[in-house]
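S.K.: Below you'll find the structure I mean.
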Amino acid sequence: MATDTRVILICSGKGGVGKTTLTANLGISLARQGLSTAVLDADFGLRNLDLLLGLENRIVYTAQEVLEEECRLDQALVKHKQESNLSLLPAGNPRMLDWLKPDDMKRIVEMLKEQFDYVLIDCPAGVEDGFKNAMAASQEAIIVTNPEVSAVRDADRVIGLLNTNAIKPVQLVLNRVRPKMMASQEMLSIDDVTDILALPLLGLVLEDEQVIVSTNRGEPLTLNSVNSPAAKCYLNIAKRLLGEDIPLIDPVEESSGFGAKFRRLMQTKIF
Amino acid sequence: MTLRDIINKLLRRQPASASTARERLQLVLAHDRSDLSTELLDQMRKEILEVVAKYVEIDMDEGAVSLETEDRMTALVANLPIKRTLNGKIKLIEHASQEQESDNSSENTEQSIKNQ
């Protein structure tokens, strides 16, 4: 039985910024470190975490049936094929909207806390009921955002709500970073985003085509191709979450060659 | 301002979009965080000016009230230029108490109300 379970909300406000991909990869990475981990798909209206983990055909029950005492928790939990420390729990059935209340979410998370070290809650987009339910059961949060104005603005709204509900710590993951665009100052920089949102950076994830390939297969990047740029980033995020001191890389500094040197020169602050 | 910005300015090209994004975000977030509309802000500016004008003579057209944001703290900053007499002293309204004489070196009175 686990004590001191960490319950982490993974949220963004805006949809499509990479919450579910981060949840899947963090789940795999934590499980790989020997930690029993549950990923809870709180986005039951448009659930996708099962698909990214390749578990879509193995869901029989959801948290809904557990709460209604139609099945036991371990019957609803779907164990990952390769990574037995990881289990998925869908919150509910897409056909059954509106049934879930913040207290239901709290109850289900309390049950998960009894047997897992880590509970990651994949939050639905938006700031409405789905988000509030997911937030009710969480202790700390990871905000996922992209270096784009709309994603940063929405993240700011969510941070405000997390602050009022005393969720802490709240850490930032900057996803889909394109070093070249940042170097040519056609993309908000890491500092721009962390300054504006005033959050500590847990990590950044480089834009990587392999992410799409991995979702096609239903095998998160961190499961196999640990050499892809994004997979390395996810792994570093997991390690930092566990308290390891992994230095952040500056994506602009990382790029080398004459082009990169020239771009750095152009970035030099004159005044 | 970076080297690229200067070259862009010299060539009259558009500045790199990241700085535009940053400025637009900072402005929109200051308003998102405060829930204050421009009309409300303007009304508040007028009322603050009226109160201050009871004590010192200020330039009613120049005063500005704006929202500034830093580290998730939003500050309401009022910048109220005070008119001066010919010998450089601050003009006090007659009914105000004599203790109101402020430091001659200060050009403006600044008020800031902080909120989350």
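Order determines the names: the first chain of the structure tokens is A, the second B, and so forth; residues in each chain are numbered 1 upward, and ligands are numbered 1 upward as they are shown.
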Could you give me, as JSON, numbers by chain, the residues within 12 Å of B:Ser37, counting only C-alpha atoms and dropping anything in the same chain fewer than 6 positions from it?

M.R.: {"B": [28, 30, 31, 43, 44, 66, 67]}

S.K.: Counting only C-alpha atoms, which residues from chain A have an atom at most 12 Å from any atom of chain B, and could you show them as a ChimeraX atom specification?

M.R.: /A:147-161,163-164,181-200,262-271

S.K.: Which residue, A:Asp4, A:Glu114, A:Glu56, A:Glu140, has the smallest gap to A:Pro90 when you use only C-alpha atoms?

M.R.: A:Glu56

S.K.: Where in stretch 13-89 of chain B does DSSP assign helix (DSSP H, G or I), given as a ChimeraX atom specification?

M.R.: /B:17-34,38-53

S.K.: If we count only C-alpha atoms and set the cut-off at 10 Å, which residues sit around A:Asp50, ignoring sequence neighbours fewer than 5 positions away in its own chain? Please answer as an NGL selection string.

M.R.: :A and (20 or 24 or 39-41 or 55-59 or 78 or 80 or 88-90 or 218)

S.K.: Would you mind reading off the distance between atom CA of B:Tyr55 and atom CA of B:Asp42, one decimal, in Å?

M.R.: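 Rounded to one decimal, the two atoms are 20.9 Å apart.
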
S.K.: Quick one: of B:Gln14, B:Leu92, B:Asn8, B:Leu36, who's nearest to B:Lys54, counting only C-alpha atoms?

M.R.: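 Using only C-alpha atoms, the shortest distance to B:Lys54 belongs to B:Leu92.
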
S.K.: What residues in stretch 6-132 of chain A get the DSSP label strand (DSSP E or B)? Please answer as a PyMOL selection string.

M.R.: chain A and resi 6-11+37-41+78-79+86-90+118-122

S.K.: For a test of reading the model, state the distance in Å between atom CA of A:Ile167 and atom CA of A:Thr21, rounded to one decimal.

M.R.: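 Atom CA of A:Thr21 lies 22.2 Å from atom CA of A:Ile167.
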
S.K.: Report the distance between atom CA of B:Val52 and atom CA of B:Leu76 in Å, rounded to one decimal place.

M.R.: 15.9 Å

S.K.: Which residues come within 8 Å of stretch 9-13 of chain A, counting only C-alpha atoms, excluding same-chain residues fewer than 4 positions away, as an MDAnalysis selection string?

M.R.: chainID A and resid 17 19 23 120:127 134:135 138:145 151 154:155 157:158

S.K.: Those same residues - N, CA, C and O atoms - I'd like them written as a CSV table (one decimal), in the first residue's frame.

M.R.:
chain,number,residue,atom,x,y,z
A,17,VAL,N,-2.8,21.0,-26.9
A,17,VAL,CA,-1.4,21.5,-26.7
A,17,VAL,C,-0.5,20.3,-26.2
A,17,VAL,O,0.7,20.5,-26.2
A,19,LYS,N,-1.5,17.7,-23.6
A,19,LYS,CA,-1.8,17.2,-22.2
A,19,LYS,C,-1.8,15.7,-22.2
A,19,LYS,O,-1.1,15.1,-21.4
A,23,THR,N,0.8,13.1,-20.4
A,23,THR,CA,0.3,12.2,-19.3
A,23,THR,C,0.8,10.8,-19.7
A,23,THR,O,1.3,10.1,-18.8
A,120,LEU,N,-1.8,10.4,-12.0
A,120,LEU,CA,-1.8,11.5,-13.0
A,120,LEU,C,-3.2,11.7,-13.5
A,120,LEU,O,-3.8,10.7,-14.0
A,121,ILE,N,-3.7,12.9,-13.4
A,121,ILE,CA,-5.1,13.1,-13.9
A,121,ILE,C,-5.0,13.9,-15.2
A,121,ILE,O,-4.5,15.0,-15.2
A,122,ASP,N,-5.4,13.3,-16.3
A,122,ASP,CA,-5.4,13.9,-17.6
A,122,ASP,C,-6.7,14.8,-17.7
A,122,ASP,O,-7.8,14.2,-17.7
A,123,CYS,N,-6.6,16.1,-17.6
A,123,CYS,CA,-7.7,17.0,-17.5
A,123,CYS,C,-8.3,17.3,-18.8
A,123,CYS,O,-7.6,17.4,-19.8
A,124,PRO,N,-9.6,17.5,-18.9
A,124,PRO,CA,-10.2,18.0,-20.1
A,124,PRO,C,-9.8,19.4,-20.4
A,124,PRO,O,-9.5,20.2,-19.5
A,125,ALA,N,-9.9,19.8,-21.7
A,125,ALA,CA,-9.7,21.2,-22.0
A,125,ALA,C,-10.8,22.1,-21.5
A,125,ALA,O,-11.9,21.6,-21.1
A,126,GLY,N,-10.6,23.4,-21.4
A,126,GLY,CA,-11.6,24.3,-20.9
A,126,GLY,C,-11.5,24.5,-19.5
A,126,GLY,O,-10.6,24.0,-18.8
A,127,VAL,N,-12.3,25.4,-19.0
A,127,VAL,CA,-12.3,25.8,-17.5
A,127,VAL,C,-13.6,25.5,-16.9
A,127,VAL,O,-14.0,26.0,-15.8
A,134,ALA,N,-11.9,17.6,-12.1
A,134,ALA,CA,-10.5,17.1,-12.1
A,134,ALA,C,-9.7,17.8,-11.1
A,134,ALA,O,-8.9,17.2,-10.4
A,135,MET,N,-9.9,19.1,-11.0
A,135,MET,CA,-9.1,19.9,-10.0
A,135,MET,C,-9.4,19.5,-8.6
A,135,MET,O,-8.6,19.5,-7.7
A,138,SER,N,-7.2,17.0,-7.0
A,138,SER,CA,-5.8,17.1,-7.2
A,138,SER,C,-5.1,17.9,-6.1
A,138,SER,O,-5.7,18.7,-5.4
A,139,GLN,N,-3.8,17.6,-5.9
A,139,GLN,CA,-3.0,18.3,-4.9
A,139,GLN,C,-2.0,19.3,-5.6
A,139,GLN,O,-1.9,20.4,-5.2
A,140,GLU,N,-1.4,18.8,-6.7
A,140,GLU,CA,-0.4,19.6,-7.4
A,140,GLU,C,-0.8,19.6,-8.9
A,140,GLU,O,-1.6,18.8,-9.3
A,141,ALA,N,-0.2,20.4,-9.7
A,141,ALA,CA,-0.5,20.5,-11.1
A,141,ALA,C,0.7,20.8,-12.0
A,141,ALA,O,1.6,21.4,-11.6
A,142,ILE,N,0.5,20.3,-13.2
A,142,ILE,CA,1.5,20.6,-14.3
A,142,ILE,C,0.7,21.3,-15.4
A,142,ILE,O,-0.4,20.8,-15.8
A,143,ILE,N,1.1,22.5,-15.7
A,143,ILE,CA,0.4,23.2,-16.8
A,143,ILE,C,1.2,22.9,-18.1
A,143,ILE,O,2.4,23.1,-18.1
A,144,VAL,N,0.5,22.5,-19.1
A,144,VAL,CA,1.1,22.3,-20.4
A,144,VAL,C,0.7,23.4,-21.3
A,144,VAL,O,-0.4,23.8,-21.4
A,145,THR,N,1.7,24.1,-21.9
A,145,THR,CA,1.4,25.1,-22.9
A,145,THR,C,2.3,25.1,-24.1
A,145,THR,O,3.3,24.4,-24.0
A,151,ALA,N,-2.5,29.8,-26.4
A,151,ALA,CA,-2.2,28.7,-25.4
A,151,ALA,C,-1.7,29.4,-24.1
A,151,ALA,O,-2.1,28.9,-23.0
A,154,ASP,N,-4.7,31.1,-22.3
A,154,ASP,CA,-5.6,30.1,-21.6
A,154,ASP,C,-4.9,29.5,-20.4
A,154,ASP,O,-5.6,29.3,-19.4
A,155,ALA,N,-3.6,29.3,-20.5
A,155,ALA,CA,-2.9,28.7,-19.4
A,155,ALA,C,-3.0,29.7,-18.2
A,155,ALA,O,-3.1,29.3,-17.1
A,157,ARG,N,-5.4,31.7,-17.4
A,157,ARG,CA,-6.7,31.6,-16.8
A,157,ARG,C,-6.7,30.4,-15.8
A,157,ARG,O,-7.2,30.5,-14.7
A,158,VAL,N,-6.2,29.3,-16.3
A,158,VAL,CA,-6.1,28.0,-15.5
A,158,VAL,C,-5.3,28.2,-14.3
A,158,VAL,O,-5.7,27.8,-13.2
